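To keep things clear, I will list the structure first and then write my remarks on it.
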Protein chains: 2
Amino acid sequence: METHIKPKSDSSVVESLIAGYKAEIRQNISKHLPISKEGVDEIADAVQIRLLKAGTILLRAGQVAFDCCWIIKGCVRQYHLIEGEEKTTFFFTEDQWFASYTSATKKVPVNHYLSCVEDTFLSVMNINQEQELYQKYPAFESACRAGIENQLSDYHEMLTTYMTTTPEERYRNLLKTRPDLLSRVPQYQLASYLGVKPESLSRIRKRIYENLQRRD
Amino acid sequence: METHIKPKSDSSVVESLIAGYKAEIRQNISKHLPISKEGVDEIADAVQIRLLKAGTILLRAGQVAFDCCWIIKGCVRQYHLIEGEEKTTFFFTEDQWFASYTSATKKVPVNHYLSCVEDTFLSVMNINQEQELYQKYPAFESACRAGIENQLSDYHEMLTTYMTTTPEERYRNLLKTRPDLLSRVPQYQLASYLGVKPESLSRIRKRIYENLQRRD
DNA sequence: TTCATTTCTTAACTAAAGTCAATGATCAGC
DNA sequence: GCTGATCATTGACTTTAGTTAAGAAATGAA
């Protein structure tokens, strides 16, 4: 983390990264939304960049979730604590976002946890503030609405895919669609994400690598 | 279907029901949205009421889904055809709605079927027309955006619930949350909705009704 | 590098779901 | 009400996942 010109402290490296991310966000808003410069400023100012260390728990069951989070870099895991056992239900990685709209707008506590699998840069906006900005800037609401529509379609697809596949098929899909997770995440967390115990995922992997006649 | 005053034909009964539903929709728009009378008219005119007979297939895999449908009365089943087998993934009933936004806006074909389990009254709006109305009436967009946010939260909840429960738990949940489905829908369709074969659902029911010591 | 901890794999056994086949129950159309 | 077709249940057997326990491999901190 040192240049040969001038040593930089970790925190100053982080600061300049954050400044860069903020500038990028402002640019994107300005490029994609037909809004006055003041509007762009107001929306960009509502965005906060946060760096969270691996292991940080950013939300606990029972809390109200006010944040809409976009992952710039890193990995956040969602899990449910059921009879003392962690059941992983999501892995969010680069360019994915998550929010609990009904929790924020209706003040309902969530029933899940969010924890950083790696050091993670997040772009965060408070949902209530977001909804206020909708009133002021209809173009911002339109863009967010389109984003939410996409997320809805994605979740619909994930739900039906999960319902119509076996754990082994889900593992094969994961190998194709998100192979990075295999190295980023411990296997016992992947197991519960696929709906089985760690021992079963071991056996599934063994089955697959022994029967290499099936090549998919 | 006859009064003792004057016999009415089935189709005229249906016509007056449809007129009533239309009036109700117009009222709701007018009551909940701060929009001019002309705006209310334009939005209400974009809504079409349809009566579909039980068994009607309203969408097939491979088609683009243009409609946003609200169920006034009846039941629509979503299923996937996988290796010749129907896998049910949703039952939509009264006051639930469904749409495939990315299919309509990006012209992507869907991979599922929609079929009426019962005679069903639907309130239908074309999604592209809906999106045009968003431009004209921001209050309409706001209301729809809030509805989509709720749907997103619901789907998130459904997905995590499905991922963290066993078929038996799902059946027990169904008994509590949607007991009407038990009588409205054949059991082999419920089975695949719960993620098992019909024979397994039979055994699950047997297990539950034999072990009445557990009372939930 | 070493050691302790965590994670992953394997094995033996149990429980649950899939498969195939036969039998009962239910329902729609006549 | 009868009848054929569809749907639900049961049984025997196979496959897959859960459970418990042990040991191997990988990881991280001193």
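Ordered as shown in the structure tokens, chains take letters A, B, and onward, while each chain numbers its residues from 1 and ligands are numbered from 1 in the order shown.
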
Would you list the contacts of A:Pro138 as a PyMOL selection string, taking every protein, DNA or RNA residue within 12 Å and counting only C-alpha atoms (C1' of nucleotides), but skipping same-chain residues closer than 2 positions in sequence? (chain A and resi 33-35+39+130-136+140-145) or (chain B and resi 134-142+145)

Restricting it to C-alpha atoms, dump the selection as a PDB file, in the first residue's frame.
ATOM      1  CA  LEU A  33     -31.294  12.043 -14.993  1.00  0.00           C
ATOM      2  CA  PRO A  34     -32.740  15.211 -16.546  1.00  0.00           C
ATOM      3  CA  ILE A  35     -32.406  17.225 -13.349  1.00  0.00           C
ATOM      4  CA  GLY A  39     -31.082  18.514  -7.901  1.00  0.00           C
ATOM      5  CA  GLU A 130     -35.060   8.733  -0.814  1.00  0.00           C
ATOM      6  CA  GLN A 131     -38.854   8.916  -0.729  1.00  0.00           C
ATOM      7  CA  GLU A 132     -38.708  12.639   0.014  1.00  0.00           C
ATOM      8  CA  LEU A 133     -36.466  13.124  -2.992  1.00  0.00           C
ATOM      9  CA  TYR A 134     -39.066  11.273  -5.103  1.00  0.00           C
ATOM     10  CA  GLN A 135     -41.521  14.097  -4.374  1.00  0.00           C
ATOM     11  CA  LYS A 136     -39.073  16.759  -5.433  1.00  0.00           C
ATOM     12  CA  PHE A 140     -35.391  10.332  -9.783  1.00  0.00           C
ATOM     13  CA  GLU A 141     -38.525   8.455  -8.796  1.00  0.00           C
ATOM     14  CA  SER A 142     -38.873   7.142 -12.360  1.00  0.00           C
ATOM     15  CA  ALA A 143     -35.321   5.830 -12.371  1.00  0.00           C
ATOM     16  CA  CYS A 144     -35.704   4.179  -8.969  1.00  0.00           C
ATOM     17  CA  ARG A 145     -39.067   2.749  -9.957  1.00  0.00           C
TER      18      ARG A 145
ATOM     19  CA  TYR B 134     -46.472   7.404 -15.523  1.00  0.00           C
ATOM     20  CA  GLN B 135     -45.022  10.216 -17.629  1.00  0.00           C
ATOM     21  CA  LYS B 136     -48.291  12.109 -17.703  1.00  0.00           C
ATOM     22  CA  TYR B 137     -49.342  11.547 -14.094  1.00  0.00           C
ATOM     23  CA  PRO B 138     -46.506  11.407 -11.546  1.00  0.00           C
ATOM     24  CA  ALA B 139     -49.028  10.701  -8.784  1.00  0.00           C
ATOM     25  CA  PHE B 140     -50.009   7.535 -10.641  1.00  0.00           C
ATOM     26  CA  GLU B 141     -46.359   6.545 -10.920  1.00  0.00           C
ATOM     27  CA  SER B 142     -45.890   7.162  -7.184  1.00  0.00           C
ATOM     28  CA  ARG B 145     -44.070   2.498  -7.361  1.00  0.00           C
TER      29      ARG B 145
END

Need the shell around D:DG28: protein/DNA/RNA residues with any atom at most 10 Å away, counting only C-alpha atoms (C1' of nucleotides). Skip same-chain ones fewer than 6 positions apart. Format as a PyMOL selection string? chain C and resi 4-6

Leaving out B:Ser103 and any residue of its chain fewer than 5 positions from it, which residues lie within 8 Å of it when counting only C-alpha atoms (C1' of nucleotides), given as a list in words? Val64, Ala65, Phe66, Val108, Pro109 and Val110 of chain B

Could the residues of chain B within 8 Å of chain A, counting only C-alpha atoms, be given as a PyMOL selection string, please? chain B and resi 80+87+89+100-102+138+141-142+145+148-153+155-156+158-160+162-164+193+195

May I have the residues from that selection written out with N, CA and C atoms, as a JSON list (two decimals), in the first residue's frame?
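What follows is the written file again02.json:
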[["chain", "number", "residue", "atom", "x", "y", "z"],
["B", 80, "HIS", "N", -44.36, -23.90, -14.36],
["B", 80, "HIS", "CA", -43.26, -24.08, -15.31],
["B", 80, "HIS", "C", -43.34, -25.49, -15.85],
["B", 87, "LYS", "N", -44.63, -27.69, -12.92],
["B", 87, "LYS", "CA", -44.24, -27.34, -11.56],
["B", 87, "LYS", "C", -44.88, -26.01, -11.19],
["B", 89, "THR", "N", -45.65, -22.69, -9.30],
["B", 89, "THR", "CA", -44.81, -21.79, -8.52],
["B", 89, "THR", "C", -45.58, -20.65, -7.85],
["B", 100, "SER", "N", -45.04, -9.06, -15.45],
["B", 100, "SER", "CA", -43.63, -9.36, -15.72],
["B", 100, "SER", "C", -43.03, -8.13, -16.37],
["B", 101, "TYR", "N", -42.60, -7.19, -15.53],
["B", 101, "TYR", "CA", -42.17, -5.88, -16.04],
["B", 101, "TYR", "C", -41.03, -5.99, -17.04],
["B", 102, "THR", "N", -40.01, -6.79, -16.72],
["B", 102, "THR", "CA", -38.89, -6.82, -17.66],
["B", 102, "THR", "C", -39.29, -7.50, -18.96],
["B", 138, "PRO", "N", -47.47, 11.84, -12.56],
["B", 138, "PRO", "CA", -46.51, 11.41, -11.55],
["B", 138, "PRO", "C", -47.16, 10.80, -10.31],
["B", 141, "GLU", "N", -47.63, 7.25, -11.03],
["B", 141, "GLU", "CA", -46.36, 6.54, -10.92],
["B", 141, "GLU", "C", -46.00, 6.31, -9.46],
["B", 142, "SER", "N", -46.20, 7.31, -8.61],
["B", 142, "SER", "CA", -45.89, 7.16, -7.18],
["B", 142, "SER", "C", -46.67, 6.02, -6.57],
["B", 145, "ARG", "N", -45.39, 2.76, -7.93],
["B", 145, "ARG", "CA", -44.07, 2.50, -7.36],
["B", 145, "ARG", "C", -44.21, 1.94, -5.95],
["B", 148, "ILE", "N", -45.28, -1.63, -6.17],
["B", 148, "ILE", "CA", -44.18, -2.51, -6.60],
["B", 148, "ILE", "C", -43.21, -2.73, -5.45],
["B", 149, "GLU", "N", -42.96, -1.69, -4.67],
["B", 149, "GLU", "CA", -42.12, -1.85, -3.47],
["B", 149, "GLU", "C", -42.70, -2.91, -2.54],
["B", 150, "ASN", "N", -44.01, -2.86, -2.34],
["B", 150, "ASN", "CA", -44.65, -3.85, -1.48],
["B", 150, "ASN", "C", -44.51, -5.26, -2.05],
["B", 151, "GLN", "N", -44.74, -5.37, -3.35],
["B", 151, "GLN", "CA", -44.60, -6.68, -4.00],
["B", 151, "GLN", "C", -43.17, -7.19, -3.84],
["B", 152, "LEU", "N", -42.20, -6.30, -4.01],
["B", 152, "LEU", "CA", -40.80, -6.68, -3.87],
["B", 152, "LEU", "C", -40.53, -7.23, -2.46],
["B", 153, "SER", "N", -41.04, -6.53, -1.45],
["B", 153, "SER", "CA", -40.88, -7.02, -0.08],
["B", 153, "SER", "C", -41.55, -8.38, 0.10],
["B", 155, "TYR", "N", -42.09, -10.69, -2.17],
["B", 155, "TYR", "CA", -41.34, -11.73, -2.88],
["B", 155, "TYR", "C", -40.05, -12.06, -2.12],
["B", 156, "HIS", "N", -39.41, -11.05, -1.57],
["B", 156, "HIS", "CA", -38.22, -11.26, -0.75],
["B", 156, "HIS", "C", -38.57, -12.18, 0.42],
["B", 158, "MET", "N", -41.16, -14.24, 0.64],
["B", 158, "MET", "CA", -41.52, -15.58, 0.15],
["B", 158, "MET", "C", -40.28, -16.41, -0.13],
["B", 159, "LEU", "N", -39.31, -15.75, -0.79],
["B", 159, "LEU", "CA", -38.08, -16.46, -1.16],
["B", 159, "LEU", "C", -37.35, -16.95, 0.08],
["B", 160, "THR", "N", -37.15, -16.08, 1.06],
["B", 160, "THR", "CA", -36.40, -16.51, 2.25],
["B", 160, "THR", "C", -37.20, -17.53, 3.05],
["B", 162, "TYR", "N", -39.30, -19.74, 1.79],
["B", 162, "TYR", "CA", -39.19, -21.01, 1.07],
["B", 162, "TYR", "C", -37.82, -21.65, 1.32],
["B", 163, "MET", "N", -36.77, -20.81, 1.32],
["B", 163, "MET", "CA", -35.41, -21.33, 1.47],
["B", 163, "MET", "C", -35.14, -21.89, 2.86],
["B", 164, "THR", "N", -35.86, -21.41, 3.85],
["B", 164, "THR", "CA", -35.54, -21.79, 5.23],
["B", 164, "THR", "C", -36.55, -22.75, 5.84],
["B", 193, "TYR", "N", -46.27, -27.00, -5.68],
["B", 193, "TYR", "CA", -46.11, -25.67, -5.11],
["B", 193, "TYR", "C", -45.28, -25.73, -3.82],
["B", 195, "GLY", "N", -43.06, -28.05, -3.30],
["B", 195, "GLY", "CA", -41.74, -28.58, -3.64],
["B", 195, "GLY", "C", -41.60, -30.08, -3.49]]

I need the residues of stretch 10-199 of chain B that end up classed as strand (DSSP E or B) by DSSP on the backbone, written out as a VMD selection string. chain B and resid 48 to 52 57 to 59 67 to 73 76 to 82 85 to 92 97 to 98 113 to 116 120 to 126

Would you mind exporting C-alpha atoms of the selected residues as a PDB file, in the first residue's frame?
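File written: result_14.pdb
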ATOM      1  CA  GLN B  48     -59.941  -3.524 -18.990  1.00  0.00           C
ATOM      2  CA  ILE B  49     -62.090  -6.002 -17.071  1.00  0.00           C
ATOM      3  CA  ARG B  50     -61.959  -9.580 -18.351  1.00  0.00           C
ATOM      4  CA  LEU B  51     -63.807 -12.706 -17.354  1.00  0.00           C
ATOM      5  CA  LEU B  52     -61.828 -15.858 -18.123  1.00  0.00           C
ATOM      6  CA  ILE B  57     -54.356 -20.280 -20.381  1.00  0.00           C
ATOM      7  CA  LEU B  58     -53.645 -16.564 -20.366  1.00  0.00           C
ATOM      8  CA  LEU B  59     -49.912 -16.763 -20.942  1.00  0.00           C
ATOM      9  CA  ASP B  67     -50.334  -7.279 -19.030  1.00  0.00           C
ATOM     10  CA  CYS B  68     -50.400  -6.156 -15.456  1.00  0.00           C
ATOM     11  CA  CYS B  69     -53.252  -8.167 -13.929  1.00  0.00           C
ATOM     12  CA  TRP B  70     -55.188  -7.650 -10.737  1.00  0.00           C
ATOM     13  CA  ILE B  71     -57.447 -10.474  -9.567  1.00  0.00           C
ATOM     14  CA  ILE B  72     -60.911  -9.223  -8.704  1.00  0.00           C
ATOM     15  CA  LYS B  73     -62.336 -12.700  -8.147  1.00  0.00           C
ATOM     16  CA  VAL B  76     -54.708 -17.965 -11.443  1.00  0.00           C
ATOM     17  CA  ARG B  77     -51.922 -20.524 -11.279  1.00  0.00           C
ATOM     18  CA  GLN B  78     -48.381 -19.953 -12.506  1.00  0.00           C
ATOM     19  CA  TYR B  79     -46.427 -23.029 -13.510  1.00  0.00           C
ATOM     20  CA  HIS B  80     -43.259 -24.078 -15.305  1.00  0.00           C
ATOM     21  CA  LEU B  81     -43.121 -26.932 -17.775  1.00  0.00           C
ATOM     22  CA  ILE B  82     -39.950 -28.843 -16.980  1.00  0.00           C
ATOM     23  CA  GLU B  85     -43.885 -31.919 -15.911  1.00  0.00           C
ATOM     24  CA  GLU B  86     -45.875 -28.967 -14.575  1.00  0.00           C
ATOM     25  CA  LYS B  87     -44.240 -27.336 -11.559  1.00  0.00           C
ATOM     26  CA  THR B  88     -46.561 -24.874  -9.873  1.00  0.00           C
ATOM     27  CA  THR B  89     -44.806 -21.789  -8.518  1.00  0.00           C
ATOM     28  CA  PHE B  90     -47.646 -19.385  -7.625  1.00  0.00           C
ATOM     29  CA  PHE B  91     -51.324 -19.224  -6.864  1.00  0.00           C
ATOM     30  CA  PHE B  92     -52.760 -15.742  -7.284  1.00  0.00           C
ATOM     31  CA  TRP B  97     -51.647  -8.883  -8.769  1.00  0.00           C
ATOM     32  CA  PHE B  98     -48.961 -10.083 -11.121  1.00  0.00           C
ATOM     33  CA  TYR B 113     -47.451 -20.375 -17.952  1.00  0.00           C
ATOM     34  CA  LEU B 114     -50.503 -18.727 -16.399  1.00  0.00           C
ATOM     35  CA  SER B 115     -53.729 -20.661 -16.220  1.00  0.00           C
ATOM     36  CA  CYS B 116     -57.096 -19.995 -14.582  1.00  0.00           C
ATOM     37  CA  THR B 120     -61.730 -15.435 -12.966  1.00  0.00           C
ATOM     38  CA  PHE B 121     -62.472 -11.716 -13.185  1.00  0.00           C
ATOM     39  CA  LEU B 122     -59.303  -9.782 -13.971  1.00  0.00           C
ATOM     40  CA  SER B 123     -58.572  -6.110 -14.088  1.00  0.00           C
ATOM     41  CA  VAL B 124     -55.916  -5.694 -16.757  1.00  0.00           C
ATOM     42  CA  MET B 125     -53.657  -2.855 -17.859  1.00  0.00           C
ATOM     43  CA  ASN B 126     -51.088  -2.965 -20.644  1.00  0.00           C
TER      44      ASN B 126
END

Give me, as a PDB file with C-alpha atoms, in the first residue's frame, all polymer residues having an atom no more than 6 Å from A:Gly74, counting only C-alpha atoms (C1' of nucleotides) and skipping those fewer than 4 positions away in the same chain.
ATOM      1  CA  THR A  93     -21.791  -8.684  -4.504  1.00  0.00           C
ATOM      2  CA  GLU A 118     -15.308  -9.230   3.034  1.00  0.00           C
ATOM      3  CA  ASP A 119     -14.219  -5.635   3.544  1.00  0.00           C
ATOM      4  CA  THR A 120     -16.998  -3.873   1.677  1.00  0.00           C
TER       5      THR A 120
END

Please identify all residues of chain B having at least one atom at most 10 Å from any atom of chain C, considering only C-alpha atoms (C1' of nucleotides), and return them as number ranges by chain. B: 167, 196-197, 199-201, 203-204

Could you please tell me, as a count of residues only, which residues of chain D have an atom within 9 Å of chain B when using only C-alpha atoms (C1' of nucleotides)? 3

Among stretch 19-213 of chain A, which ones does DSSP place in helix (DSSP H, G or I), written as a PyMOL selection string? chain A and resi 19-32+37-46+101-106+127-136+138-163+167-177+180-184+187-194+198-210
